[in-house]
Structures are given as C-alpha cells and as structure tokens.
Amino acid sequence: MTHHDRLLIIDFGSQVTQLIARRLRELNVYCEIHPFQNVSDAFLEEFKPKAVILSGGPSSVFADGAPMPPASIFDLKVPILGICYGQQVMMHCLGGKVERGHGTAEFGRAFVTPKDTKLSLLDGWFEKDKEQVWMSHGDHVSEIAPGFEVYGTSPNAPFAITADISRKFFAVQFHPEVHHTPNGKKLYENFVRLAGFTGDWTMGAYRDDAIAKIRGQVGDKKVICGLSGGVDSSVAAVLIHEAIGDQLTCVFVDHGLLRQNEADEVVSMFRDNYNIPLIHADEADLFLNELEGVSDPETKRKTIGKLFIDVFQKYANTIEGAEFLAQGTLYPDVIESVSFSGGPSVTIKSHHNVGGLPEKMGLKLVEPLRELFKDEVRALGRELGLPDSFIGRHPFPGPGLAIRCPGEITRDKLDILRKADAVYIDQIRKHGLYDEIWQAFVAILPVRTVGVMGDYRTYDYACALRAVNSVDGMTADYFPFSHEFLGETATRIINEVQGINRVTYDITSKPPGTIEWE
Ligand code: XMP
C-alpha cells in the first residue's frame, strides 16, 4: 500500500492525543499514534516519519522511568513539535531545564502574546495581538535548550511558544489540538506545511489503496463478513465487494432484537443496491427463547454474544473455501488496545463483537477500516456511494433492543418498544433534529404505572426517551429538547402506542450514567 507521507505521534498518555490525529487528518495528512514504549530505533527505521509530534501526558520528567522517546528521534532530521509534556521532554533531552510545578500548575484558558520575532509556525495565527490557548500542566520549563528561542509568552508561561528554527524543532506549552485553543488548527497547518506534507490523504486515495491492499491480501480466496446494519460493517462490506466482488458473502444475523423495519432495510440495501451475496439468518426464536427469564444485563450480553458466534459460525460453515473474516474495526479500537494506559481497567459492560471467532474457525482477518476514525468511515461510505440516509444513522448496539429493555425481555415488550422508538425517531426527524443528535432511542422500563385515558383506568408500561450528544460515545451529554418537543412526543407515544401510558426523559450525562440503560 502506498502510504503517502507519514507523521508519527508519540503518545505520552494525554487524554487528548487522539485529537491531534483528528486535526491532522482534517488536513489530509496521514498520521499514526504510537505509545512511547513501542517507539524503538528499529520502529523509526521502518516507519520513516516525515515529521514527529510528542504528545502531552500526565507524567513528570523527574519521575522514575519517566516516559521518554528514543534519543535518536532528535537525529532524524525531521521537524518535531512538542506539546506540553512533549515540550518538557524536548527541553529535558536537549539541554534545557524543567522545574517541578510546586504552586505553578496551570490549567485552563490563557492568552499568549507574540514576541517581535517571526516564526513560520505562527503564520496567520496572531491575527489579534493575543490568542486564546488551553494550558494543562504541572511542571514547567524554566530554561530553554540551546538553539531555542521564545516566540510567544503568556502571563504564567514565559516559554509558551519556543523553537529552534535551524532544526525545525518547535515546542509549545499549551494544547493546540483542543477546542479551547480556537485557532490551534492553524498551528498544525503551518507545521505540516513546513514539514513538506502535500495533503495527499484523501478518501479517494484511501479507497484505491484499500482496494489494492484487499486484493493483495485475499487473492482468489473467499471472505465472509458479519453485517449488523451499522455504518462500519456496511462500509467495510461495500469496500470489500468493490475489491473482490462475489468472493465476498455477508451474513446478517437477525436476533429478533432489531428496530422496526431494520432487517428489511438492511437486507434490501445490500441485495437491491449492491447485489452483494447475503445470507439473511432469521434466528429470532433462538435468541428470544434463550433470553427468556434473563434479566441480568451482563448475562444478557454474554448470552447474545455467544449465540451470535454460534449462529455466525453455522452459516459461515456453509460457505465453502472461506478463509477470511471481514470486520469493521476502527482506528480508535486499535489505539485503545495499545494505548499508553492500557485501556480501561474495569469492565463496565461486555461489548458484543465477534472476538474469538477468527481463532476458533481458523480464519484470517480483513480489517480495511483499521486506520480510520468514525467520521472518516462516513466519508469513505459517501465516496463508495452509500446513501446518506444510511451513513448518517445513529449508532445501534450489537445486543440491540435487549439492553433497552431493562429486566426480563418479552416479545410483547419488544413490540411495544419498537413502536415507541419508531414514533420518537419520526418526531426527531420531523423536527429536523436527527443529524443534530448523536444517538436517540427509547427504553421500555420494567414498571407499570396507573393512568387514565378517556374515562378508563390504564395500567401500562412507562418508557424513557434518551438522546445524547457525544463525539465518540465515551462521554456524552443529554440533548436539550424543547419542552414543546417533549410534550408533543409524549402525547404521540401514549396515543399511538398501546401498552405505554407514561413517558419520561432521561437527563443523565455519561459519566456518571452510560448511554444505554444496560
Ligand atoms: P454505553 O452504554 O457503554 O454506550 O455508554 C456507548 C456506545 O456504545 C454502544 N454500545 C454498543 N455497541 N456493542 C456495540 O456494538 C455493544 O455491546 C454495545 N454496548 C453499547 C452504545 O449504543 C453507545 O453508542
């Protein structure tokens, strides 16, 4: 695969390292994040970065075993940008001084003013005489390394922007990648320009490369792909189909926990629009029977995960000569599994996926999206001609409605839930809010309440509406619907959905809540 010019981000554990990658990808620059432990001389030799960024991080350069890049990084003769802890690392390694942050820690908004001297990194940046930036550091640089000069200061950071122009080394104390440094993208733009990047990381180029790579990997063998109806697996399937045509077969497992019309929509999109061989495995009875009487969330998830693998395997066995399994793994999943901190240490929920399958079945993996972020997958989907209505769909979890039905799952409850969810989403669309919301759904609650309709008493289920905004699902805030919208939606659900007589709106953020109810 021609990999264009590559920028290496060395991760020292900052919470916002991924945002650096986002800013760079927006500039059509290909970059990869690697935790500092993995960056050896041999790695650098192989990766051949055209430029390097040293991320921020929670450590202190004084700590035992403080995270450090290999010393050879400074001999690569490529531009380097150090951010926050990355700045301290540069100064520490190159002969400057860092001081412990007793009483000088600085967090939050600050304003940087330029020095008289001009720096190409700052071209077009100081449109006014000062720029807002976001600081978040404990220790600070007290003496800059030989060869460096100061180009910007803030009241608490005399070395806010420093550079050694001859070596194209830049070091800033603040975080240009975050939202609260409003013009931060300009800094990255200047950095990649002066490093000689041409902005050749486009979706068109990615698609061509990915197709060539899939053909090279698969040859004349067969591939199977589990389709969930979500964006990732769908884009992966369409891309692979473009590469190898009928050598691909998709398996769509309908576990009876899908939303209204979901199975038909997915199946017809693949069969009618793309003519991709598709097995529609209707296994609702199997899943729902097995889930009867199960109310513990983790047992539900594990039961569904296990059945999914069994069913997938059953159908995959009917495809002769399949040697590969396609998955819609994304870049954040890849980073998470090798991240500085080693990823989440506590299992909050067992996420449903097809992990374990490849080894069990002796299959090799095809993961054509492993270098992409979610919004890049959407852009690739558009490039491949998937309908916008499909690409813009809200995320839907693998265990489906099971985790939106706290307590015991019954077919009755699922029917009621499907209808309520359809009315809610219809309302959201009618009010032009669908694309403003990251994810919205209804959960049916395991409680009945008394109501009065007409002159009759009702004793029906209560439901909760959920709508959140989020960037990546890791944190989320509830969507601020108007009272009119909520009132109108509650009235519609109660009037149109038999079985529900009370509607509530969930205003919990994540954390402390999670997005799904189970
Ligand atoms: P939580 O509830 O953990 O959800 O805050 C975060 C995001 O992940 C989705 N989700 C899942 N997606 N398999 C998936 O593919 C799962 O098991 C699963 N559980 C939660 C959830 O819908 C939200 O977008």
# chains A, B, ... in the order shown; residues from 1 in each chain; ligands from 1
>>> select_by_dssp(residues="region 70-244 of chain A", states="helix (DSSP H, G or I)", output="short mmCIF file (atom, residue, chain, number, x, y, z; two decimals) with N, CA and C atoms, in the first residue's frame")
data_model
loop_
_atom_site.label_atom_id
_atom_site.label_comp_id
_atom_site.auth_asym_id
_atom_site.auth_seq_id
_atom_site.Cartn_x
_atom_site.Cartn_y
_atom_site.Cartn_z
N ALA A 71 16.40 8.57 22.08
CA ALA A 71 17.19 9.78 21.83
C ALA A 71 17.36 10.03 20.33
N SER A 72 17.34 8.93 19.55
CA SER A 72 17.59 9.07 18.12
C SER A 72 16.52 9.90 17.40
N ILE A 73 15.42 10.12 18.08
CA ILE A 73 14.34 10.89 17.45
C ILE A 73 14.84 12.27 17.03
N PHE A 74 15.78 12.81 17.85
CA PHE A 74 16.26 14.16 17.57
C PHE A 74 17.35 14.18 16.49
N ASP A 75 17.73 12.99 16.02
CA ASP A 75 18.73 12.93 14.94
C ASP A 75 18.11 12.56 13.60
N TYR A 85 3.71 18.20 27.91
CA TYR A 85 4.75 17.27 28.39
C TYR A 85 5.79 17.04 27.29
N GLY A 86 5.32 17.04 26.04
CA GLY A 86 6.23 16.87 24.89
C GLY A 86 7.26 18.00 24.85
N GLN A 87 6.83 19.20 25.22
CA GLN A 87 7.77 20.33 25.28
C GLN A 87 8.83 20.08 26.38
N GLN A 88 8.34 19.62 27.53
CA GLN A 88 9.26 19.37 28.64
C GLN A 88 10.27 18.28 28.28
N VAL A 89 9.77 17.26 27.58
CA VAL A 89 10.66 16.18 27.14
C VAL A 89 11.76 16.75 26.25
N MET A 90 11.35 17.61 25.31
CA MET A 90 12.34 18.18 24.38
C MET A 90 13.40 18.98 25.13
N MET A 91 12.93 19.80 26.06
CA MET A 91 13.88 20.63 26.80
C MET A 91 14.80 19.75 27.66
N HIS A 92 14.20 18.78 28.32
CA HIS A 92 14.95 17.87 29.18
C HIS A 92 16.03 17.13 28.38
N CYS A 93 15.66 16.67 27.18
CA CYS A 93 16.59 15.86 26.38
C CYS A 93 17.62 16.72 25.66
N LEU A 94 17.28 17.97 25.40
CA LEU A 94 18.15 18.77 24.53
C LEU A 94 18.98 19.80 25.30
N SER A 120 7.53 30.80 11.32
CA SER A 120 6.62 30.30 10.29
C SER A 120 5.50 29.44 10.90
N LEU A 121 5.78 28.81 12.05
CA LEU A 121 4.74 28.01 12.71
C LEU A 121 3.53 28.87 13.06
N LEU A 122 3.77 30.16 13.21
CA LEU A 122 2.69 31.04 13.67
C LEU A 122 2.08 31.86 12.54
N ILE A 165 14.74 27.14 15.06
CA ILE A 165 14.36 27.21 13.64
C ILE A 165 15.28 26.38 12.76
N SER A 166 16.58 26.36 13.07
CA SER A 166 17.51 25.68 12.17
C SER A 166 17.20 24.18 12.11
N ARG A 167 16.74 23.61 13.24
CA ARG A 167 16.44 22.16 13.22
C ARG A 167 14.95 21.88 12.99
N GLY A 184 -6.08 26.70 17.05
CA GLY A 184 -5.00 25.73 17.14
C GLY A 184 -4.73 25.00 15.83
N LYS A 185 -5.78 24.80 15.05
CA LYS A 185 -5.61 24.04 13.80
C LYS A 185 -4.59 24.73 12.87
N LYS A 186 -4.56 26.06 12.97
CA LYS A 186 -3.63 26.84 12.14
C LYS A 186 -2.17 26.44 12.42
N LEU A 187 -1.89 26.17 13.69
CA LEU A 187 -0.53 25.75 14.06
C LEU A 187 -0.17 24.43 13.41
N TYR A 188 -1.12 23.49 13.45
CA TYR A 188 -0.87 22.20 12.81
C TYR A 188 -0.72 22.36 11.30
N GLU A 189 -1.56 23.26 10.74
CA GLU A 189 -1.49 23.50 9.30
C GLU A 189 -0.09 24.01 8.93
N ASN A 190 0.39 24.97 9.70
CA ASN A 190 1.73 25.51 9.43
C ASN A 190 2.81 24.44 9.64
N PHE A 191 2.63 23.64 10.69
CA PHE A 191 3.65 22.61 10.99
C PHE A 191 3.76 21.62 9.84
N VAL A 192 2.63 21.12 9.36
CA VAL A 192 2.71 20.11 8.30
C VAL A 192 3.16 20.73 6.98
N ARG A 193 2.82 22.00 6.77
CA ARG A 193 3.29 22.67 5.54
C ARG A 193 4.80 22.80 5.57
N LEU A 194 5.32 23.27 6.70
CA LEU A 194 6.78 23.46 6.72
C LEU A 194 7.53 22.13 6.78
N MET A 203 -9.98 10.63 0.78
CA MET A 203 -10.77 9.40 0.79
C MET A 203 -10.68 8.66 -0.54
N GLY A 204 -10.58 9.43 -1.64
CA GLY A 204 -10.44 8.78 -2.95
C GLY A 204 -9.16 7.95 -2.98
N ALA A 205 -8.07 8.55 -2.46
CA ALA A 205 -6.78 7.84 -2.44
C ALA A 205 -6.87 6.64 -1.51
N TYR A 206 -7.52 6.84 -0.38
CA TYR A 206 -7.64 5.75 0.60
C TYR A 206 -8.38 4.57 -0.01
N ARG A 207 -9.48 4.90 -0.69
CA ARG A 207 -10.31 3.84 -1.30
C ARG A 207 -9.48 3.02 -2.31
N ASP A 208 -8.74 3.71 -3.17
CA ASP A 208 -7.94 2.98 -4.17
C ASP A 208 -6.88 2.11 -3.50
N ASP A 209 -6.22 2.69 -2.51
CA ASP A 209 -5.19 1.92 -1.79
C ASP A 209 -5.78 0.71 -1.10
N ALA A 210 -6.93 0.95 -0.43
CA ALA A 210 -7.54 -0.12 0.35
C ALA A 210 -7.97 -1.26 -0.57
N ILE A 211 -8.50 -0.92 -1.73
CA ILE A 211 -8.94 -1.95 -2.68
C ILE A 211 -7.74 -2.79 -3.14
N ALA A 212 -6.65 -2.09 -3.45
CA ALA A 212 -5.45 -2.81 -3.88
C ALA A 212 -4.95 -3.73 -2.77
N LYS A 213 -5.01 -3.22 -1.55
CA LYS A 213 -4.50 -3.99 -0.42
C LYS A 213 -5.37 -5.24 -0.17
N ILE A 214 -6.69 -5.06 -0.25
CA ILE A 214 -7.60 -6.20 -0.03
C ILE A 214 -7.34 -7.27 -1.09
N ARG A 215 -7.20 -6.82 -2.35
CA ARG A 215 -6.94 -7.80 -3.43
C ARG A 215 -5.65 -8.56 -3.17
N GLY A 216 -4.62 -7.81 -2.74
CA GLY A 216 -3.33 -8.44 -2.46
C GLY A 216 -3.43 -9.44 -1.33
N GLN A 217 -4.20 -9.10 -0.30
CA GLN A 217 -4.29 -9.96 0.88
C GLN A 217 -5.11 -11.22 0.59
N VAL A 218 -6.22 -11.05 -0.12
CA VAL A 218 -7.20 -12.13 -0.26
C VAL A 218 -6.92 -13.05 -1.45
N VAL A 231 -23.03 1.37 10.36
CA VAL A 231 -22.26 2.01 9.31
C VAL A 231 -20.93 1.27 9.06
N ASP A 232 -20.24 0.88 10.13
CA ASP A 232 -18.89 0.35 9.96
C ASP A 232 -18.88 -0.95 9.15
N SER A 233 -19.70 -1.92 9.58
CA SER A 233 -19.66 -3.19 8.86
C SER A 233 -20.20 -3.02 7.44
N SER A 234 -21.14 -2.10 7.26
CA SER A 234 -21.69 -1.89 5.91
C SER A 234 -20.64 -1.29 4.98
N VAL A 235 -19.92 -0.30 5.47
CA VAL A 235 -18.90 0.33 4.62
C VAL A 235 -17.80 -0.69 4.32
N ALA A 236 -17.41 -1.47 5.32
CA ALA A 236 -16.38 -2.49 5.09
C ALA A 236 -16.86 -3.45 4.01
N ALA A 237 -18.12 -3.89 4.09
CA ALA A 237 -18.64 -4.85 3.12
C ALA A 237 -18.64 -4.28 1.71
N VAL A 238 -19.11 -3.04 1.56
CA VAL A 238 -19.19 -2.45 0.22
C VAL A 238 -17.79 -2.27 -0.36
N LEU A 239 -16.87 -1.85 0.49
CA LEU A 239 -15.48 -1.66 0.02
C LEU A 239 -14.88 -3.00 -0.44
N ILE A 240 -15.08 -4.02 0.36
CA ILE A 240 -14.51 -5.33 0.03
C ILE A 240 -15.18 -5.89 -1.24
N HIS A 241 -16.47 -5.62 -1.35
CA HIS A 241 -17.17 -6.08 -2.54
C HIS A 241 -16.60 -5.41 -3.78
N GLU A 242 -16.28 -4.12 -3.66
CA GLU A 242 -15.66 -3.44 -4.81
C GLU A 242 -14.33 -4.07 -5.17
N ALA A 243 -13.65 -4.55 -4.15
CA ALA A 243 -12.32 -5.12 -4.40
C ALA A 243 -12.40 -6.53 -4.98
N ILE A 244 -13.30 -7.36 -4.45
CA ILE A 244 -13.23 -8.79 -4.83
C ILE A 244 -14.56 -9.37 -5.29
#
>>> residues_around(residues="His175 (chain A)", least_positions_apart="4", cutoff="8 Å", atoms="only C-alpha atoms", output="PDB file with N, CA and C atoms, in the first residue's frame")
ATOM      1  N   GLY A  56       1.195  15.473  24.834  1.00  0.00           N
ATOM      2  CA  GLY A  56       1.197  15.793  26.253  1.00  0.00           C
ATOM      3  C   GLY A  56       1.100  14.506  27.058  1.00  0.00           C
ATOM      4  N   ILE A  83       4.357  19.075  22.562  1.00  0.00           N
ATOM      5  CA  ILE A  83       3.194  19.723  23.159  1.00  0.00           C
ATOM      6  C   ILE A  83       3.172  19.440  24.644  1.00  0.00           C
ATOM      7  N   CYS A  84       3.173  20.492  25.472  1.00  0.00           N
ATOM      8  CA  CYS A  84       3.019  20.362  26.912  1.00  0.00           C
ATOM      9  C   CYS A  84       4.083  19.400  27.486  1.00  0.00           C
ATOM     10  N   VAL A 133      -5.458  30.176  24.334  1.00  0.00           N
ATOM     11  CA  VAL A 133      -4.939  28.798  24.286  1.00  0.00           C
ATOM     12  C   VAL A 133      -5.408  28.053  25.529  1.00  0.00           C
ATOM     13  N   TRP A 134      -5.201  26.738  25.529  1.00  0.00           N
ATOM     14  CA  TRP A 134      -5.603  25.904  26.668  1.00  0.00           C
ATOM     15  C   TRP A 134      -4.365  25.284  27.297  1.00  0.00           C
ATOM     16  N   MET A 135      -4.160  25.600  28.556  1.00  0.00           N
ATOM     17  CA  MET A 135      -2.995  25.072  29.278  1.00  0.00           C
ATOM     18  C   MET A 135      -3.446  23.938  30.197  1.00  0.00           C
ATOM     19  N   SER A 136      -2.607  22.979  30.415  1.00  0.00           N
ATOM     20  CA  SER A 136      -2.909  21.925  31.369  1.00  0.00           C
ATOM     21  C   SER A 136      -1.592  21.264  31.754  1.00  0.00           C
ATOM     22  N   THR A 181      -8.501  25.967  22.276  1.00  0.00           N
ATOM     23  CA  THR A 181      -7.481  26.770  21.589  1.00  0.00           C
ATOM     24  C   THR A 181      -8.078  26.993  20.202  1.00  0.00           C
ATOM     25  N   GLY A 184      -6.080  26.704  17.046  1.00  0.00           N
ATOM     26  CA  GLY A 184      -4.996  25.727  17.136  1.00  0.00           C
ATOM     27  C   GLY A 184      -4.733  24.998  15.826  1.00  0.00           C
TER      28      GLY A 184
END
>>> closest_atom_pairs(of="chain A", to="ligand 1", cutoff="6 Å", atoms="only C-alpha atoms and all ligand atoms", output="Markdown table")
| residue | atom | partner | partner_atom_place_in_ligand_line | distance |
| --- | --- | --- | --- | --- |
| A:His351 | CA | ligand 1 | 17 (O) | 3.4 |
| A:His352 | CA | ligand 1 | 17 (O) | 3.8 |
| A:Pro395 | CA | ligand 1 | 24 (O) | 5.2 |
| A:Phe396 | CA | ligand 1 | 22 (O) | 5.0 |
| A:Pro397 | CA | ligand 1 | 12 (N) | 3.5 |
| A:Gly398 | CA | ligand 1 | 13 (N) | 4.1 |
| A:Pro399 | CA | ligand 1 | 17 (O) | 5.5 |
| A:Gly473 | CA | ligand 1 | 6 (C) | 4.6 |
| A:Thr514 | CA | ligand 1 | 5 (O) | 3.7 |
| A:Ile515 | CA | ligand 1 | 5 (O) | 3.7 |
| A:Glu516 | CA | ligand 1 | 2 (O) | 3.6 |
>>> residues_around(residues="Ser482 (chain A)", least_positions_apart="5", cutoff="12 Å", atoms="only C-alpha atoms", output="PyMOL selection string")
chain A and resi 428+431+433+487-489+505
>>> write_last_selection(atoms="N, CA, C and O atoms", output="compact mmCIF listing (two decimals), in the first residue's frame")
# COMPACT_ATOMS: atom_id res chain seq x y z
N ILE A 428 -38.30 13.12 15.89
CA ILE A 428 -36.98 13.76 15.79
C ILE A 428 -36.70 14.17 14.35
O ILE A 428 -36.24 15.27 14.06
N HIS A 431 -38.86 17.16 13.23
CA HIS A 431 -38.38 18.44 13.77
C HIS A 431 -36.98 18.79 13.28
O HIS A 431 -36.37 19.73 13.77
N LEU A 433 -34.17 17.26 13.69
CA LEU A 433 -33.13 17.16 14.73
C LEU A 433 -32.24 15.92 14.59
O LEU A 433 -31.27 15.77 15.32
N GLY A 487 -43.24 17.41 25.11
CA GLY A 487 -44.69 17.26 25.38
C GLY A 487 -45.39 16.60 24.19
O GLY A 487 -46.17 15.65 24.35
N GLU A 488 -45.09 17.11 22.99
CA GLU A 488 -45.74 16.59 21.78
C GLU A 488 -45.38 15.10 21.58
O GLU A 488 -46.23 14.29 21.23
N THR A 489 -44.11 14.77 21.84
CA THR A 489 -43.67 13.39 21.64
C THR A 489 -44.34 12.45 22.65
O THR A 489 -44.81 11.36 22.30
N TYR A 505 -38.14 11.58 30.31
CA TYR A 505 -36.95 11.92 29.54
C TYR A 505 -35.72 11.78 30.43
O TYR A 505 -35.68 12.34 31.53
>>> closest_residue(among="A:Arg411, A:Arg100, A:His179, A:Lys48", to="Arg23 (chain A)", atoms="only C-alpha atoms")
A:His179
>>> residues_around(residues="His137 (chain A)", least_positions_apart="6", cutoff="12 Å", atoms="only C-alpha atoms", output="VMD selection string")
chain A and resid 14 56 to 60 83 to 88 98 to 109 156 to 157 160 172 to 175
>>> write_last_selection(atoms="C-alpha atoms", output="short mmCIF file (atom, residue, chain, number, x, y, z; two decimals), in the first residue's frame")
data_model
loop_
_atom_site.label_atom_id
_atom_site.label_comp_id
_atom_site.auth_asym_id
_atom_site.auth_seq_id
_atom_site.Cartn_x
_atom_site.Cartn_y
_atom_site.Cartn_z
CA SER A 14 -2.52 12.67 27.27
CA GLY A 56 1.20 15.79 26.25
CA GLY A 57 0.91 13.45 29.20
CA PRO A 58 0.32 13.22 32.94
CA SER A 59 3.90 12.31 33.90
CA SER A 60 6.77 14.36 35.22
CA ILE A 83 3.19 19.72 23.16
CA CYS A 84 3.02 20.36 26.91
CA TYR A 85 4.75 17.27 28.39
CA GLY A 86 6.23 16.87 24.89
CA GLN A 87 7.77 20.33 25.28
CA GLN A 88 9.26 19.37 28.64
CA VAL A 98 12.26 21.71 33.64
CA GLU A 99 11.08 22.60 37.13
CA ARG A 100 8.65 20.83 39.35
CA GLY A 101 5.30 22.53 39.41
CA HIS A 102 5.04 23.36 43.12
CA GLY A 103 2.36 26.01 43.12
CA THR A 104 2.86 26.82 39.45
CA ALA A 105 0.49 24.32 37.90
CA GLU A 106 -1.69 25.94 35.29
CA PHE A 107 -4.97 24.59 33.99
CA GLY A 108 -7.46 26.15 31.65
CA ARG A 109 -7.73 29.22 29.47
CA ASN A 156 2.26 32.34 33.63
CA ALA A 157 4.24 30.74 30.83
CA ALA A 160 4.64 29.31 25.86
CA VAL A 172 4.63 24.75 22.97
CA GLN A 173 3.34 24.64 26.48
CA PHE A 174 -0.37 24.62 25.60
CA HIS A 175 -2.61 22.20 23.70
#
>>> residues_around(residues="Leu307 (chain A)", least_positions_apart="4", cutoff="12 Å", atoms="only C-alpha atoms", output="PDB file with N, CA and C atoms, in the first residue's frame")
ATOM      1  N   VAL A 253     -27.170 -11.475  10.827  1.00  0.00           N
ATOM      2  CA  VAL A 253     -27.879 -12.265  11.836  1.00  0.00           C
ATOM      3  C   VAL A 253     -28.990 -11.410  12.455  1.00  0.00           C
ATOM      4  N   ASP A 254     -30.221 -11.804  12.203  1.00  0.00           N
ATOM      5  CA  ASP A 254     -31.363 -11.106  12.803  1.00  0.00           C
ATOM      6  C   ASP A 254     -31.691 -11.817  14.113  1.00  0.00           C
ATOM      7  N   HIS A 255     -31.359 -11.173  15.226  1.00  0.00           N
ATOM      8  CA  HIS A 255     -31.549 -11.821  16.529  1.00  0.00           C
ATOM      9  C   HIS A 255     -32.905 -11.497  17.157  1.00  0.00           C
ATOM     10  N   GLU A 283     -32.903 -15.668  13.102  1.00  0.00           N
ATOM     11  CA  GLU A 283     -32.688 -16.531  14.266  1.00  0.00           C
ATOM     12  C   GLU A 283     -33.378 -15.951  15.501  1.00  0.00           C
ATOM     13  N   ALA A 284     -34.447 -15.197  15.274  1.00  0.00           N
ATOM     14  CA  ALA A 284     -35.124 -14.527  16.392  1.00  0.00           C
ATOM     15  C   ALA A 284     -35.557 -15.534  17.459  1.00  0.00           C
ATOM     16  N   ASP A 285     -36.111 -16.662  17.024  1.00  0.00           N
ATOM     17  CA  ASP A 285     -36.620 -17.627  18.013  1.00  0.00           C
ATOM     18  C   ASP A 285     -35.500 -18.136  18.904  1.00  0.00           C
ATOM     19  N   LEU A 286     -34.390 -18.469  18.267  1.00  0.00           N
ATOM     20  CA  LEU A 286     -33.255 -18.987  19.036  1.00  0.00           C
ATOM     21  C   LEU A 286     -32.838 -17.997  20.122  1.00  0.00           C
ATOM     22  N   PHE A 287     -32.647 -16.752  19.758  1.00  0.00           N
ATOM     23  CA  PHE A 287     -32.174 -15.748  20.727  1.00  0.00           C
ATOM     24  C   PHE A 287     -33.233 -15.480  21.803  1.00  0.00           C
ATOM     25  N   LEU A 288     -34.475 -15.279  21.349  1.00  0.00           N
ATOM     26  CA  LEU A 288     -35.500 -14.876  22.326  1.00  0.00           C
ATOM     27  C   LEU A 288     -35.818 -16.020  23.289  1.00  0.00           C
ATOM     28  N   ASN A 289     -35.788 -17.239  22.798  1.00  0.00           N
ATOM     29  CA  ASN A 289     -36.018 -18.374  23.707  1.00  0.00           C
ATOM     30  C   ASN A 289     -34.909 -18.465  24.754  1.00  0.00           C
ATOM     31  N   GLU A 290     -33.702 -18.321  24.300  1.00  0.00           N
ATOM     32  CA  GLU A 290     -32.559 -18.408  25.217  1.00  0.00           C
ATOM     33  C   GLU A 290     -32.568 -17.268  26.241  1.00  0.00           C
ATOM     34  N   LEU A 291     -33.119 -16.140  25.833  1.00  0.00           N
ATOM     35  CA  LEU A 291     -33.112 -14.976  26.735  1.00  0.00           C
ATOM     36  C   LEU A 291     -34.303 -14.972  27.700  1.00  0.00           C
ATOM     37  N   LYS A 300     -27.355 -11.163  29.847  1.00  0.00           N
ATOM     38  CA  LYS A 300     -27.968 -10.893  28.544  1.00  0.00           C
ATOM     39  C   LYS A 300     -26.887 -10.711  27.486  1.00  0.00           C
ATOM     40  N   ARG A 301     -25.943  -9.838  27.779  1.00  0.00           N
ATOM     41  CA  ARG A 301     -24.896  -9.529  26.810  1.00  0.00           C
ATOM     42  C   ARG A 301     -24.096 -10.782  26.446  1.00  0.00           C
ATOM     43  N   LYS A 302     -23.765 -11.556  27.469  1.00  0.00           N
ATOM     44  CA  LYS A 302     -22.922 -12.738  27.194  1.00  0.00           C
ATOM     45  C   LYS A 302     -23.705 -13.787  26.414  1.00  0.00           C
ATOM     46  N   THR A 303     -24.981 -13.944  26.770  1.00  0.00           N
ATOM     47  CA  THR A 303     -25.818 -14.908  26.040  1.00  0.00           C
ATOM     48  C   THR A 303     -25.897 -14.516  24.564  1.00  0.00           C
ATOM     49  N   VAL A 311     -24.223 -18.848  15.746  1.00  0.00           N
ATOM     50  CA  VAL A 311     -25.039 -18.713  14.534  1.00  0.00           C
ATOM     51  C   VAL A 311     -24.159 -18.316  13.354  1.00  0.00           C
ATOM     52  N   PHE A 312     -23.293 -17.365  13.600  1.00  0.00           N
ATOM     53  CA  PHE A 312     -22.419 -16.907  12.533  1.00  0.00           C
ATOM     54  C   PHE A 312     -21.591 -18.074  11.997  1.00  0.00           C
ATOM     55  N   GLN A 313     -21.105 -18.845  12.942  1.00  0.00           N
ATOM     56  CA  GLN A 313     -20.277 -19.992  12.555  1.00  0.00           C
ATOM     57  C   GLN A 313     -21.081 -20.998  11.734  1.00  0.00           C
ATOM     58  N   LYS A 314     -22.327 -21.219  12.173  1.00  0.00           N
ATOM     59  CA  LYS A 314     -23.184 -22.183  11.465  1.00  0.00           C
ATOM     60  C   LYS A 314     -23.328 -21.777   9.991  1.00  0.00           C
ATOM     61  N   HIS A 352     -20.455  -6.407  22.746  1.00  0.00           N
ATOM     62  CA  HIS A 352     -20.707  -7.519  21.848  1.00  0.00           C
ATOM     63  C   HIS A 352     -19.852  -7.349  20.601  1.00  0.00           C
ATOM     64  N   ASN A 353     -19.095  -8.350  20.249  1.00  0.00           N
ATOM     65  CA  ASN A 353     -18.381  -8.313  18.976  1.00  0.00           C
ATOM     66  C   ASN A 353     -18.105  -9.754  18.556  1.00  0.00           C
ATOM     67  N   VAL A 354     -17.372  -9.917  17.489  1.00  0.00           N
ATOM     68  CA  VAL A 354     -17.133 -11.291  17.061  1.00  0.00           C
ATOM     69  C   VAL A 354     -15.723 -11.743  17.444  1.00  0.00           C
ATOM     70  N   LEU A 357     -13.861 -15.436  17.310  1.00  0.00           N
ATOM     71  CA  LEU A 357     -14.249 -16.228  16.139  1.00  0.00           C
ATOM     72  C   LEU A 357     -13.074 -16.618  15.240  1.00  0.00           C
ATOM     73  N   PRO A 399     -26.089  -5.881  20.911  1.00  0.00           N
ATOM     74  CA  PRO A 399     -27.155  -6.623  21.596  1.00  0.00           C
ATOM     75  C   PRO A 399     -28.544  -6.034  21.359  1.00  0.00           C
TER      76      PRO A 399
END
>>> atom_distance(atom1="CA of Val471 (chain A)", atom2="CA of Phe390 (chain A)")
18.8 Å
>>> residues_around(residues="Asp388 (chain A)", least_positions_apart="5", cutoff="12 Å", atoms="only C-alpha atoms", output="list in words")
Val231, Arg378, Ala379, Leu380, Gly381, Arg382, Glu383, Arg393 and Asp435 of chain A
>>> atom_distance(atom1="CA of Glu518 (chain A)", atom2="CA of Pro297 (chain A)")
5.6 Å
>>> atom_distance(atom1="CA of Asn183 (chain A)", atom2="CA of Glu131 (chain A)")
7.8 Å
>>> residues_around(residues="Tyr331 (chain A)", least_positions_apart="4", cutoff="7 Å", atoms="only C-alpha atoms", output="list of chain:residue names")
A:Ile335, A:Arg370, A:Glu371, A:Leu372, A:Phe373
>>> closest_residue(among="A:Ile304, A:Leu384, A:Leu44, A:Ile494", to="Pro70 (chain A)", atoms="only C-alpha atoms")
A:Leu44
